[in-house]
Amino acid sequence: MATLNFLTGNAGKLAEAQTLFSPLGWDVQRFEIEGEIPEIIEPQTDNLTTVALAKIAQGVELLASQGRLQESLLVEDSGLFIDALPEFPGVYSAHVLQSIGCEGILRLLDDERSAHFLTAAVLWTGEAVEVFIGRCDGKIAMKIRGDDGFGYDPIFIPDSNDDDRTFAEMPQEEKSACSHRGRALRALYDFLNENGA
Ligand code: ITT
């Protein structure tokens with residue numbers, strides 16, 4: 001089974017990538033150095049791809065420092081974008097979740113509830129960097145629902161779902177089938193396949 005290193009501090013993201021890649025024959029492992037997840041500095045910018053590229057630049061330096069430059073490395077940056085609150089929480093999604101949480105988002109909204117998630121996944125192939133974007137359109141629920149998933153999952157209802165369940169009310173495989181991360185990672189998988197990885 002081929003191995004894909006994933007540099008992330010987010011256990012939910014790691015679990016989703018493992019669920020998606022494992023049936024396809026790829027073992028996704030958290031990238032660690034001496035048992036620790038390395039600290040990565042995220043730049044202040046309003047663009048997820050720029051953030052993800054800054055993460056991969058630091059990740060590749062870390063691989064090089066370990067003499068592992070020929071290995072692959074995945075990073076990604078994701079954000080929730082709410083139409084009624086332009087660019088919010090967007091690139092600040094992690095900070096906003098920590099500060100006001102899903103409850104705080106619900107308090108800010110009225111009737112206009114459309115939203116989307118975006119993921120910018122960046123792969124170091126061992127030789128070059130490739131970018132994959134995934135998007136999922138949907139809306140913000142009226143209240144918190146569901147126990148699965150992570151982050152904003154209990155308040156996000158994807159459009160592809162006709163029974164109004166939030167991501168947190170779906171099994172992980174069902175979320176992956178339509179999610180921003182699922183789309184970006186499936187494009188990444190197709191790239192790996194086409195390039196004989
Ligand atoms: P990294 O270590 O990979 O950077 P992070 O948690 O800092 O992990 P991001 O900045 O990419 O990740 O994520 C922004 C926030 O959006 C973060 O709080 C996540 O929990 C949340 N988020 C990302 N993907 C999500 C998803 O699929 N469903 C719900 N919330 C999500």
# chains A, B, ... in the order shown; residues from 1 in each chain; ligands from 1

call {"tool": "residues_near_ligand", "arguments": {"ligand": "ligand 1", "cutoff": "7 Å", "atoms": "only C-alpha atoms and all ligand atoms", "output": "PyMOL selection string"}}
result
chain A and resi 7-10+13+75-80+91-95+97+149-153+179-181

call {"tool": "select_by_dssp", "arguments": {"residues": "segment 24-165 of chain A", "states": "alpha helix (DSSP H)", "output": "VMD selection string"}}
result
chain A and resid 48 to 65 93 to 99 101 to 108

call {"tool": "atom_distance", "arguments": {"atom1": "atom CA of Asn161 of chain A", "atom2": "atom CA of Met142 of chain A"}}
result
15.8 Å

call {"tool": "select_by_dssp", "arguments": {"residues": "segment 39-167 of chain A", "states": "strand (DSSP E or B)", "output": "PyMOL selection string"}}
result
chain A and resi 73-82+89+114-124+129-140+156-158

call {"tool": "closest_residue", "arguments": {"among": "A:Phe21, A:Phe81, A:Tyr189, A:Phe167", "to": "Arg135 of chain A", "atoms": "only C-alpha atoms"}}
result
A:Phe81

call {"tool": "residues_around", "arguments": {"residues": "Arg186 of chain A", "least_positions_apart": "3", "cutoff": "10 Å", "atoms": "only C-alpha atoms", "output": "JSON list (two decimals) with N, CA and C atoms, in the first residue's frame"}}
result
[["chain", "number", "residue", "atom", "x", "y", "z"],
["A", 17, "ALA", "N", -9.56, 12.04, 5.19],
["A", 17, "ALA", "CA", -8.63, 11.65, 4.13],
["A", 17, "ALA", "C", -8.37, 10.14, 4.20],
["A", 20, "LEU", "N", -11.32, 8.22, 2.79],
["A", 20, "LEU", "CA", -11.42, 8.33, 1.34],
["A", 20, "LEU", "C", -10.33, 7.53, 0.62],
["A", 21, "PHE", "N", -9.10, 7.60, 1.13],
["A", 21, "PHE", "CA", -7.98, 7.00, 0.40],
["A", 21, "PHE", "C", -7.78, 5.51, 0.69],
["A", 132, "PHE", "N", -5.16, 21.37, -5.87],
["A", 132, "PHE", "CA", -6.48, 20.81, -6.18],
["A", 132, "PHE", "C", -7.52, 21.56, -5.35],
["A", 134, "GLY", "N", -11.58, 22.11, -4.18],
["A", 134, "GLY", "CA", -12.89, 21.46, -4.07],
["A", 134, "GLY", "C", -13.88, 22.43, -3.46],
["A", 176, "SER", "N", -18.08, 12.67, 2.37],
["A", 176, "SER", "CA", -16.97, 12.71, 1.41],
["A", 176, "SER", "C", -17.46, 12.70, -0.03],
["A", 177, "ALA", "N", -18.59, 12.01, -0.27],
["A", 177, "ALA", "CA", -19.08, 11.88, -1.65],
["A", 177, "ALA", "C", -19.44, 13.24, -2.24],
["A", 181, "ARG", "N", -13.76, 18.76, 0.58],
["A", 181, "ARG", "CA", -12.53, 17.97, 0.78],
["A", 181, "ARG", "C", -12.56, 16.73, -0.11],
["A", 182, "GLY", "N", -13.72, 16.06, -0.16],
["A", 182, "GLY", "CA", -13.85, 14.87, -0.99],
["A", 182, "GLY", "C", -13.54, 15.19, -2.45],
["A", 183, "ARG", "N", -14.07, 16.33, -2.91],
["A", 183, "ARG", "CA", -13.85, 16.69, -4.33],
["A", 183, "ARG", "C", -12.39, 16.98, -4.59],
["A", 189, "TYR", "N", -6.38, 12.24, -6.15],
["A", 189, "TYR", "CA", -6.22, 10.80, -6.39],
["A", 189, "TYR", "C", -6.13, 10.50, -7.89],
["A", 190, "ASP", "N", -7.00, 11.15, -8.68],
["A", 190, "ASP", "CA", -6.96, 10.95, -10.14],
["A", 190, "ASP", "C", -5.60, 11.36, -10.69],
["A", 191, "PHE", "N", -5.07, 12.47, -10.16],
["A", 191, "PHE", "CA", -3.75, 12.93, -10.60],
["A", 191, "PHE", "C", -2.69, 11.86, -10.29],
["A", 192, "LEU", "N", -2.74, 11.31, -9.09],
["A", 192, "LEU", "CA", -1.75, 10.30, -8.70],
["A", 192, "LEU", "C", -1.84, 9.08, -9.62]]

call {"tool": "residues_around", "arguments": {"residues": "Val122 of chain A", "least_positions_apart": "5", "cutoff": "8 Å", "atoms": "only C-alpha atoms", "output": "list in words"}}
result
Ala52, Leu53, Ile56, Leu74, Val75, Glu76, Val129, Glu130, Val131 and Phe132 of chain A

call {"tool": "write_last_selection", "arguments": {"atoms": "N, CA and C atoms", "output": "CSV table (one decimal), in the first residue's frame"}}
result
chain,number,residue,atom,x,y,z
A,52,ALA,N,-2.4,27.6,1.8
A,52,ALA,CA,-2.0,26.2,1.6
A,52,ALA,C,-0.6,26.1,1.0
A,53,LEU,N,-0.3,27.0,0.0
A,53,LEU,CA,1.0,27.0,-0.6
A,53,LEU,C,2.1,27.4,0.5
A,56,ILE,N,2.7,24.2,2.4
A,56,ILE,CA,3.5,23.2,1.8
A,56,ILE,C,5.0,23.6,1.7
A,74,LEU,N,1.0,16.0,1.8
A,74,LEU,CA,-0.2,16.7,1.5
A,74,LEU,C,-0.5,17.8,2.6
A,75,VAL,N,-0.9,18.9,2.2
A,75,VAL,CA,-1.5,19.9,3.2
A,75,VAL,C,-2.8,20.4,2.6
A,76,GLU,N,-3.7,21.0,3.4
A,76,GLU,CA,-4.8,21.6,2.8
A,76,GLU,C,-5.3,22.8,3.7
A,129,VAL,N,5.0,20.7,-7.0
A,129,VAL,CA,3.8,21.0,-6.2
A,129,VAL,C,2.6,21.0,-7.1
A,130,GLU,N,1.5,20.4,-6.7
A,130,GLU,CA,0.2,20.4,-7.5
A,130,GLU,C,-0.9,20.9,-6.5
A,131,VAL,N,-1.8,21.7,-7.1
A,131,VAL,CA,-2.9,22.3,-6.3
A,131,VAL,C,-4.3,21.7,-6.8
A,132,PHE,N,-5.2,21.4,-5.9
A,132,PHE,CA,-6.5,20.8,-6.2
A,132,PHE,C,-7.5,21.6,-5.4

call {"tool": "atom_distance", "arguments": {"atom1": "atom CA of Ala168 of chain A", "atom2": "atom CA of Pro86 of chain A"}}
result
24.1 Å

call {"tool": "residues_around", "arguments": {"residues": "Phe156 of chain A", "least_positions_apart": "5", "cutoff": "10 Å", "atoms": "only C-alpha atoms", "output": "ChimeraX atom specification"}}
result
/A:80,102,113-117,137-145,151,164-169

call {"tool": "atom_distance", "arguments": {"atom1": "atom CA of Leu24 of chain A", "atom2": "atom CA of Met1 of chain A"}}
result
9.3 Å

call {"tool": "closest_residue", "arguments": {"among": "A:Ala57, A:Ala64, A:Leu85, A:Ala121", "to": "Glu42 of chain A", "atoms": "only C-alpha atoms"}}
result
A:Ala57

call {"tool": "residues_around", "arguments": {"residues": "segment 25-36 of chain A", "least_positions_apart": "3", "cutoff": "6 Å", "atoms": "only C-alpha atoms", "output": "number ranges by chain"}}
result
A: 1-7, 18, 21-22

call {"tool": "write_last_selection", "arguments": {"atoms": "all heavy atoms", "output": "PDB file, in the first residue's frame"}}
result
ATOM      1  N   MET A   1       0.848  -1.204   0.000  1.00  0.00           N
ATOM      2  CA  MET A   1       0.000   0.000   0.000  1.00  0.00           C
ATOM      3  C   MET A   1       0.885   1.256   0.000  1.00  0.00           C
ATOM      4  O   MET A   1       1.820   1.357   0.791  1.00  0.00           O
ATOM      5  CB  MET A   1      -0.878  -0.030   1.260  1.00  0.00           C
ATOM      6  CG  MET A   1      -2.042   0.926   1.203  1.00  0.00           C
ATOM      7  SD  MET A   1      -3.034   0.886   2.717  1.00  0.00           S
ATOM      8  CE  MET A   1      -4.588   0.244   2.123  1.00  0.00           C
ATOM      9  N   ALA A   2       0.601   2.199  -0.915  1.00  0.00           N
ATOM     10  CA  ALA A   2       1.403   3.428  -0.984  1.00  0.00           C
ATOM     11  C   ALA A   2       1.058   4.352   0.191  1.00  0.00           C
ATOM     12  O   ALA A   2      -0.050   4.290   0.722  1.00  0.00           O
ATOM     13  CB  ALA A   2       1.120   4.129  -2.295  1.00  0.00           C
ATOM     14  N   THR A   3       2.016   5.166   0.585  1.00  0.00           N
ATOM     15  CA  THR A   3       1.806   6.044   1.739  1.00  0.00           C
ATOM     16  C   THR A   3       1.763   7.505   1.305  1.00  0.00           C
ATOM     17  O   THR A   3       2.534   7.939   0.454  1.00  0.00           O
ATOM     18  CB  THR A   3       2.966   5.862   2.745  1.00  0.00           C
ATOM     19  OG1 THR A   3       2.955   4.512   3.186  1.00  0.00           O
ATOM     20  CG2 THR A   3       2.795   6.779   3.947  1.00  0.00           C
ATOM     21  N   LEU A   4       0.814   8.238   1.913  1.00  0.00           N
ATOM     22  CA  LEU A   4       0.709   9.675   1.687  1.00  0.00           C
ATOM     23  C   LEU A   4       0.836  10.358   3.048  1.00  0.00           C
ATOM     24  O   LEU A   4       0.050  10.077   3.951  1.00  0.00           O
ATOM     25  CB  LEU A   4      -0.659   9.972   1.060  1.00  0.00           C
ATOM     26  CG  LEU A   4      -0.974  11.392   0.616  1.00  0.00           C
ATOM     27  CD1 LEU A   4       0.034  11.875  -0.424  1.00  0.00           C
ATOM     28  CD2 LEU A   4      -2.378  11.432   0.021  1.00  0.00           C
ATOM     29  N   ASN A   5       1.841  11.212   3.204  1.00  0.00           N
ATOM     30  CA  ASN A   5       2.004  11.956   4.455  1.00  0.00           C
ATOM     31  C   ASN A   5       1.074  13.161   4.443  1.00  0.00           C
ATOM     32  O   ASN A   5       1.021  13.889   3.447  1.00  0.00           O
ATOM     33  CB  ASN A   5       3.442  12.473   4.585  1.00  0.00           C
ATOM     34  CG  ASN A   5       4.455  11.367   4.605  1.00  0.00           C
ATOM     35  OD1 ASN A   5       4.422  10.515   5.494  1.00  0.00           O
ATOM     36  ND2 ASN A   5       5.374  11.358   3.640  1.00  0.00           N
ATOM     37  N   PHE A   6       0.363  13.393   5.535  1.00  0.00           N
ATOM     38  CA  PHE A   6      -0.578  14.527   5.621  1.00  0.00           C
ATOM     39  C   PHE A   6      -0.146  15.390   6.797  1.00  0.00           C
ATOM     40  O   PHE A   6      -0.166  14.956   7.951  1.00  0.00           O
ATOM     41  CB  PHE A   6      -1.997  13.979   5.818  1.00  0.00           C
ATOM     42  CG  PHE A   6      -3.115  14.994   5.699  1.00  0.00           C
ATOM     43  CD1 PHE A   6      -2.881  16.330   5.386  1.00  0.00           C
ATOM     44  CD2 PHE A   6      -4.432  14.598   5.899  1.00  0.00           C
ATOM     45  CE1 PHE A   6      -3.922  17.248   5.262  1.00  0.00           C
ATOM     46  CE2 PHE A   6      -5.491  15.496   5.784  1.00  0.00           C
ATOM     47  CZ  PHE A   6      -5.234  16.815   5.475  1.00  0.00           C
ATOM     48  N   LEU A   7       0.258  16.616   6.495  1.00  0.00           N
ATOM     49  CA  LEU A   7       0.674  17.556   7.542  1.00  0.00           C
ATOM     50  C   LEU A   7      -0.549  18.361   7.974  1.00  0.00           C
ATOM     51  O   LEU A   7      -0.984  19.276   7.279  1.00  0.00           O
ATOM     52  CB  LEU A   7       1.776  18.478   6.994  1.00  0.00           C
ATOM     53  CG  LEU A   7       2.248  19.623   7.898  1.00  0.00           C
ATOM     54  CD1 LEU A   7       2.642  19.138   9.282  1.00  0.00           C
ATOM     55  CD2 LEU A   7       3.431  20.350   7.244  1.00  0.00           C
ATOM     56  N   GLN A  18      -8.255   9.605   5.417  1.00  0.00           N
ATOM     57  CA  GLN A  18      -8.016   8.158   5.554  1.00  0.00           C
ATOM     58  C   GLN A  18      -9.217   7.367   5.036  1.00  0.00           C
ATOM     59  O   GLN A  18      -9.056   6.375   4.332  1.00  0.00           O
ATOM     60  CB  GLN A  18      -7.721   7.819   7.018  1.00  0.00           C
ATOM     61  CG  GLN A  18      -6.332   8.275   7.425  1.00  0.00           C
ATOM     62  CD  GLN A  18      -6.076   8.198   8.925  1.00  0.00           C
ATOM     63  OE1 GLN A  18      -7.006   8.305   9.723  1.00  0.00           O
ATOM     64  NE2 GLN A  18      -4.817   8.061   9.300  1.00  0.00           N
ATOM     65  N   PHE A  21      -9.100   7.604   1.131  1.00  0.00           N
ATOM     66  CA  PHE A  21      -7.976   6.996   0.403  1.00  0.00           C
ATOM     67  C   PHE A  21      -7.777   5.514   0.692  1.00  0.00           C
ATOM     68  O   PHE A  21      -7.259   4.792  -0.158  1.00  0.00           O
ATOM     69  CB  PHE A  21      -6.672   7.745   0.714  1.00  0.00           C
ATOM     70  CG  PHE A  21      -6.495   8.981  -0.126  1.00  0.00           C
ATOM     71  CD1 PHE A  21      -6.685  10.240   0.412  1.00  0.00           C
ATOM     72  CD2 PHE A  21      -6.141   8.886  -1.457  1.00  0.00           C
ATOM     73  CE1 PHE A  21      -6.527  11.379  -0.363  1.00  0.00           C
ATOM     74  CE2 PHE A  21      -5.977  10.013  -2.248  1.00  0.00           C
ATOM     75  CZ  PHE A  21      -6.182  11.265  -1.695  1.00  0.00           C
ATOM     76  N   SER A  22      -8.171   5.073   1.875  1.00  0.00           N
ATOM     77  CA  SER A  22      -7.873   3.689   2.248  1.00  0.00           C
ATOM     78  C   SER A  22      -8.474   2.660   1.280  1.00  0.00           C
ATOM     79  O   SER A  22      -7.772   1.748   0.821  1.00  0.00           O
ATOM     80  CB  SER A  22      -8.291   3.498   3.702  1.00  0.00           C
ATOM     81  OG  SER A  22      -8.474   2.200   3.968  1.00  0.00           O
TER      82      SER A  22
END

call {"tool": "closest_residue", "arguments": {"among": "A:Asp46, A:Asp111, A:Glu39, A:Asp147", "to": "Gln58 of chain A", "atoms": "only C-alpha atoms"}}
result
A:Glu39
